[in-house]
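To be precise, the following lines are start_39.tsv, and they hold TSV, C-alpha atoms.
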```tsv
chain	number	residue	atom	x	y	z
A	1	MET	CA	-16.93	36.20	-64.86
A	2	ALA	CA	-15.97	32.92	-63.24
A	3	GLU	CA	-17.02	32.60	-59.60
A	4	LYS	CA	-14.17	32.72	-57.10
A	5	THR	CA	-13.99	29.72	-54.76
A	6	GLY	CA	-11.58	31.12	-52.22
A	7	PHE	CA	-9.22	28.14	-52.60
A	8	SER	CA	-5.63	28.55	-53.71
A	9	ARG	CA	-3.89	26.37	-56.26
A	10	ARG	CA	-2.06	24.72	-53.37
A	11	ASP	CA	-5.38	23.88	-51.68
A	12	LEU	CA	-6.75	22.38	-54.89
A	13	LYS	CA	-3.67	20.20	-55.28
A	14	GLY	CA	-4.12	18.78	-51.76
A	15	PRO	CA	-6.53	15.89	-52.59
A	16	ASP	CA	-4.39	14.81	-55.54
A	17	GLU	CA	-1.34	14.72	-53.35
A	18	PHE	CA	-3.24	12.71	-50.73
A	19	ILE	CA	-4.46	10.19	-53.28
A	20	SER	CA	-0.97	9.92	-54.70
A	21	THR	CA	0.60	9.36	-51.30
A	22	PHE	CA	-2.09	6.84	-50.35
A	23	GLY	CA	-1.48	4.98	-53.58
A	24	ARG	CA	2.24	4.78	-52.90
A	25	THR	CA	1.54	3.50	-49.39
A	26	VAL	CA	-0.75	0.78	-50.75
A	27	ALA	CA	1.86	-0.19	-53.35
A	28	TRP	CA	4.59	-0.36	-50.68
A	29	SER	CA	2.36	-2.48	-48.46
A	30	LYS	CA	1.73	-4.94	-51.28
A	31	GLU	CA	5.45	-5.26	-51.96
A	32	ASN	CA	6.25	-5.60	-48.26
A	33	ARG	CA	3.19	-7.49	-47.08
A	34	LEU	CA	5.23	-9.81	-44.85
A	35	LYS	CA	6.70	-6.85	-43.00
A	36	VAL	CA	3.25	-5.25	-42.70
A	37	ALA	CA	1.72	-8.47	-41.42
A	38	ALA	CA	4.55	-8.98	-38.94
A	39	GLY	CA	4.10	-5.43	-37.63
A	40	ALA	CA	0.37	-5.92	-37.23
A	41	ILE	CA	0.86	-9.24	-35.47
A	42	GLY	CA	3.43	-7.64	-33.19
A	43	ALA	CA	1.07	-4.83	-32.25
A	44	VAL	CA	-1.72	-7.30	-31.50
A	45	ALA	CA	0.71	-9.43	-29.48
A	46	VAL	CA	1.64	-6.45	-27.31
A	47	VAL	CA	-2.02	-5.69	-26.59
A	48	ALA	CA	-2.78	-9.36	-25.94
A	49	LEU	CA	0.19	-9.64	-23.59
A	50	ALA	CA	-0.93	-6.57	-21.63
A	51	LEU	CA	-4.48	-7.88	-21.32
A	52	GLY	CA	-3.25	-11.36	-20.46
A	53	THR	CA	-0.91	-10.01	-17.79
A	54	ARG	CA	-3.71	-7.95	-16.27
A	55	ALA	CA	-6.03	-10.95	-16.21
A	56	TYR	CA	-3.34	-13.15	-14.67
A	57	LEU	CA	-2.56	-10.60	-11.96
A	58	GLN	CA	-6.25	-10.31	-11.08
A	59	TRP	CA	-6.54	-14.09	-11.04
A	60	GLU	CA	-3.52	-14.30	-8.74
A	61	GLU	CA	-5.01	-11.65	-6.44
A	62	ASN	CA	-8.28	-13.58	-6.25
A	63	LYS	CA	-6.49	-16.89	-5.67
A	64	SER	CA	-4.37	-15.33	-2.93
A	65	ALA	CA	-7.46	-13.98	-1.15
A	66	ARG	CA	-9.32	-17.31	-1.43
A	67	ASP	CA	-6.29	-19.07	0.03
A	68	LEU	CA	-5.94	-16.68	2.98
A	69	TRP	CA	-9.30	-15.58	4.33
A	70	PRO	CA	-10.86	-18.91	5.38
A	71	THR	CA	-7.84	-19.63	7.58
A	72	LEU	CA	-7.74	-16.07	8.97
A	73	ASN	CA	-11.43	-16.24	9.84
A	74	ARG	CA	-10.91	-19.51	11.71
A	75	ALA	CA	-7.85	-18.11	13.51
A	76	GLN	CA	-9.39	-14.82	14.65
A	77	VAL	CA	-9.16	-15.60	18.35
A	78	THR	CA	-5.54	-16.71	18.02
A	79	LEU	CA	-4.50	-13.63	16.04
A	80	GLN	CA	-6.38	-11.14	18.21
A	81	ALA	CA	-4.48	-12.26	21.32
A	82	PRO	CA	-1.29	-14.08	20.25
A	83	SER	CA	0.18	-13.84	23.74
A	84	GLU	CA	-2.74	-15.85	25.15
A	85	ALA	CA	-3.04	-18.35	22.29
A	86	ASP	CA	-2.17	-22.01	22.49
A	87	PRO	CA	1.47	-22.24	21.29
A	88	SER	CA	0.78	-25.14	18.91
A	89	GLN	CA	-2.16	-23.31	17.31
A	90	LEU	CA	-0.13	-20.13	16.97
A	91	ALA	CA	2.73	-22.07	15.38
A	92	ALA	CA	0.33	-23.67	12.89
A	93	VAL	CA	-1.13	-20.27	11.93
A	94	GLU	CA	2.36	-18.77	11.58
A	95	GLN	CA	3.44	-21.65	9.33
A	96	PHE	CA	0.39	-21.17	7.13
A	97	LEU	CA	0.97	-17.41	6.86
A	98	GLN	CA	4.62	-17.95	5.89
A	99	GLY	CA	3.50	-20.41	3.22
A	100	HIS	CA	0.91	-17.97	1.94
A	101	VAL	CA	3.54	-15.25	1.55
A	102	GLY	CA	5.74	-17.67	-0.37
A	103	ARG	CA	2.92	-18.83	-2.66
A	104	HIS	CA	1.45	-15.40	-3.35
A	105	PRO	CA	4.15	-12.72	-3.09
A	106	ASP	CA	3.23	-9.11	-3.75
A	107	THR	CA	-0.53	-9.52	-3.57
A	108	ARG	CA	-2.94	-7.49	-1.50
A	109	ALA	CA	-3.82	-10.47	0.68
A	110	THR	CA	-0.12	-11.06	1.38
A	111	VAL	CA	-0.01	-7.66	3.09
A	112	TYR	CA	-2.35	-9.07	5.75
A	113	SER	CA	-0.21	-12.19	6.13
A	114	LEU	CA	2.91	-10.08	6.67
A	115	TYR	CA	1.09	-7.87	9.18
A	116	TYR	CA	-0.03	-10.84	11.26
A	117	LEU	CA	3.41	-12.44	11.00
A	118	GLY	CA	4.85	-9.19	12.33
A	119	SER	CA	2.32	-9.16	15.17
A	120	ILE	CA	3.19	-12.73	16.13
A	121	ALA	CA	6.92	-11.87	16.17
A	122	PHE	CA	6.20	-8.80	18.32
A	123	PHE	CA	4.24	-10.73	20.93
A	124	ARG	CA	6.98	-13.36	21.01
A	125	GLY	CA	9.43	-10.64	22.01
A	126	ASN	CA	11.27	-10.41	18.69
A	127	PRO	CA	10.84	-6.75	17.62
A	128	ASP	CA	13.57	-6.94	14.96
A	129	LEU	CA	11.74	-9.72	13.12
A	130	ALA	CA	8.47	-7.84	13.60
A	131	ILE	CA	9.95	-4.72	11.99
A	132	THR	CA	11.28	-6.79	9.08
A	133	ARG	CA	7.84	-8.26	8.43
A	134	PHE	CA	5.97	-4.98	8.78
A	135	ARG	CA	8.40	-3.30	6.38
A	136	ALA	CA	8.01	-6.20	3.94
A	137	GLY	CA	4.26	-5.51	3.92
A	138	ILE	CA	4.89	-1.88	3.00
A	139	ALA	CA	7.47	-2.91	0.39
A	140	THR	CA	4.84	-4.83	-1.58
A	141	GLY	CA	3.29	-1.49	-2.52
A	142	LYS	CA	-0.12	-3.15	-2.08
A	143	GLU	CA	-1.03	-1.86	1.37
A	144	ALA	CA	-4.22	0.16	1.38
A	145	GLY	CA	-6.79	1.54	3.78
A	146	ILE	CA	-6.21	0.76	7.44
A	147	MET	CA	-3.23	-1.48	6.59
A	148	ARG	CA	-1.17	1.59	5.65
A	149	TYR	CA	-1.57	2.76	9.23
A	150	LEU	CA	-1.31	-0.61	11.00
A	151	LEU	CA	1.99	-1.59	9.36
A	152	ARG	CA	3.61	1.74	10.28
A	153	GLN	CA	2.17	1.69	13.77
A	154	GLY	CA	3.57	-1.83	14.15
A	155	ILE	CA	7.03	-0.59	13.19
A	156	ALA	CA	6.75	2.25	15.71
A	157	SER	CA	5.65	-0.07	18.53
A	158	SER	CA	8.48	-2.49	17.73
A	159	LEU	CA	11.08	0.28	17.77
A	160	GLU	CA	9.70	1.46	21.10
A	161	ALA	CA	9.97	-2.10	22.46
A	162	LYS	CA	13.62	-2.12	21.37
A	163	GLY	CA	14.25	1.10	23.28
A	164	ASP	CA	15.08	3.07	20.13
A	165	PHE	CA	12.92	6.00	21.17
A	166	ALA	CA	14.15	8.55	18.61
A	167	ALA	CA	13.41	6.18	15.73
A	168	ALA	CA	10.11	5.22	17.35
A	169	ALA	CA	9.03	8.88	17.54
A	170	ALA	CA	9.71	9.29	13.82
A	171	ALA	CA	7.84	6.04	13.07
A	172	TYR	CA	4.79	7.11	15.12
A	173	ARG	CA	4.83	10.41	13.22
A	174	ASP	CA	4.96	8.46	9.93
A	175	ALA	CA	1.98	6.35	11.03
A	176	GLY	CA	0.05	9.46	12.01
A	177	ALA	CA	0.64	10.95	8.57
A	178	VAL	CA	-1.39	8.17	6.91
A	179	ALA	CA	-3.90	7.67	9.73
A	180	GLU	CA	-7.58	8.53	9.62
A	181	ALA	CA	-8.79	11.01	12.22
A	182	ASP	CA	-10.16	8.32	14.56
A	183	VAL	CA	-6.75	6.63	15.00
A	184	LYS	CA	-4.39	9.57	14.51
A	185	THR	CA	-4.60	10.31	18.24
A	186	GLN	CA	-3.10	6.90	18.99
A	187	SER	CA	-0.05	7.70	16.89
A	188	ARG	CA	0.39	11.10	18.50
A	189	LEU	CA	0.09	9.59	21.96
A	190	GLY	CA	2.77	7.08	21.02
A	191	GLU	CA	5.02	9.81	19.67
A	192	ALA	CA	4.58	11.95	22.79
A	193	ARG	CA	5.25	8.97	25.04
A	194	VAL	CA	8.56	8.02	23.38
A	195	LEU	CA	9.63	11.66	23.20
A	196	GLY	CA	9.25	11.76	26.97
A	197	LEU	CA	11.20	8.51	27.31
A	198	ALA	CA	13.93	10.01	25.11
A	199	GLY	CA	14.20	12.94	27.53
A	200	LYS	CA	12.50	15.42	25.22
A	201	LYS	CA	9.87	16.48	27.73
A	202	THR	CA	9.21	19.89	26.20
A	203	GLU	CA	8.36	18.35	22.82
A	204	ALA	CA	6.26	15.69	24.53
A	205	MET	CA	4.25	18.32	26.46
A	206	GLU	CA	3.64	20.32	23.29
A	207	LEU	CA	2.29	17.23	21.58
A	208	TYR	CA	0.03	16.34	24.51
A	209	ARG	CA	-1.38	19.88	24.42
A	210	LEU	CA	-1.92	19.61	20.67
A	211	ILE	CA	-3.86	16.38	21.17
A	212	LEU	CA	-6.16	18.07	23.73
A	213	LYS	CA	-6.59	21.12	21.51
A	214	GLU	CA	-7.53	19.14	18.40
A	215	ASN	CA	-9.56	16.50	20.25
A	216	PRO	CA	-11.16	18.20	23.29
A	217	GLU	CA	-13.80	15.46	23.56
A	218	THR	CA	-11.48	12.50	23.07
A	219	PRO	CA	-12.25	9.46	25.28
A	220	LEU	CA	-8.52	9.49	26.04
A	221	ARG	CA	-8.65	12.97	27.56
A	222	ASN	CA	-8.05	11.78	31.14
A	223	LEU	CA	-5.08	9.69	30.02
A	224	VAL	CA	-3.61	12.60	28.06
A	225	GLU	CA	-4.01	14.96	31.02
A	226	ILE	CA	-2.29	12.46	33.31
A	227	ARG	CA	0.60	12.07	30.86
A	228	LEU	CA	0.84	15.84	30.51
A	229	ALA	CA	0.98	16.28	34.28
A	230	GLN	CA	3.69	13.62	34.53
A	231	SER	CA	5.75	15.46	31.91
A	232	GLU	CA	5.64	18.81	33.72
```

Represent the supplied structure as structure tokens.
Amino acid sequence: MAEKTGFSRRDLKGPDEFISTFGRTVAWSKENRLKVAAGAIGAVAVVALALGTRAYLQWEENKSARDLWPTLNRAQVTLQAPSEADPSQLAAVEQFLQGHVGRHPDTRATVYSLYYLGSIAFFRGNPDLAITRFRAGIATGKEAGIMRYLLRQGIASSLEAKGDFAAAAAAYRDAGAVAEADVKTQSRLGEARVLGLAGKKTEAMELYRLILKENPETPLRNLVEIRLAQSE
């Protein structure tokens, strides 16, 4: 008796069908070799374009950083205290930062330029321009780390300077949402302060109490207790 293999007639026909289909594919490719070649070249071109774009973007990021940081390092004193800086030096730094933003838009280093431009506008008493520049930094989508917090905190401080306390409270809350634990208290203090200025003393007191509850050992405890007492 012949040994049973366990394969059906359909299974046994499978390889023949595969070979037949493969043969037809090869024949079609020979007849349409220009189309096949064009398709292959197109696929390679897409990959090459993607790799080239990635390399260019990284090159642009590196170039932007090399362009910015030497000047920022030299201008540390000016940028740390714009209100006390020599006006001509501050103007020169501001001009450079504006040029950097124009030369390297939407790079990570440009986020720093926009932040410092916003800070300069704030200390010059132009909160509207400061807000525009801080928001432009966020709009790049490249803010990361502490810059996510600083840009939003800058917006909040500028809105407070304008006297728009309701918007400032929301902005401080937004900054606190992206803040690390060591700076979140600053945002909450800002929010509580402008809530009090907006006449919302109950909400301000609740926030001051929350700050003390979550941070009983905060170095700002005395300040928070004073603010809380003033709100009662």

Exercise. To one decimal in Å, tell me the separation between atom CA of Arg188 of chain A and atom CA of Gly176 of chain A.
Key: 6.7 Å

Exercise. Quote the spacing between atom CA of Gly125 of chain A and atom CA of Gly102 of chain A in Å to one decimal place.
Key: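 The value is 23.7 Å.
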
Quiz item: segment 106-121 of chain A: which residues within 8 Å, counting only C-alpha atoms, same-chain residues fewer than 2 positions away excluded, as a ChimeraX atom specification?
Solution: /A:60-61,64-65,68,79,82,94,97-98,100-101,104,123-127,129-134,136-138,140-143,147,150-151,154

Quiz item: With only C-alpha atoms as the basis for distance, which of A:Leu195, A:Asp182, A:Leu189, A:Arg209 is at the shortest distance from Ala167 of chain A?
Solution: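 Ranking A:Leu195, A:Asp182, A:Leu189, A:Arg209 by distance to Ala167 of chain A, first place goes to A:Leu195.
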
Quiz item: atom CA of Asp128 of chain A and atom CA of Ala175 of chain A are how many Å apart?
Solution: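 For atom CA of Asp128 of chain A relative to atom CA of Ala175 of chain A, the distance reads 18.1 Å.
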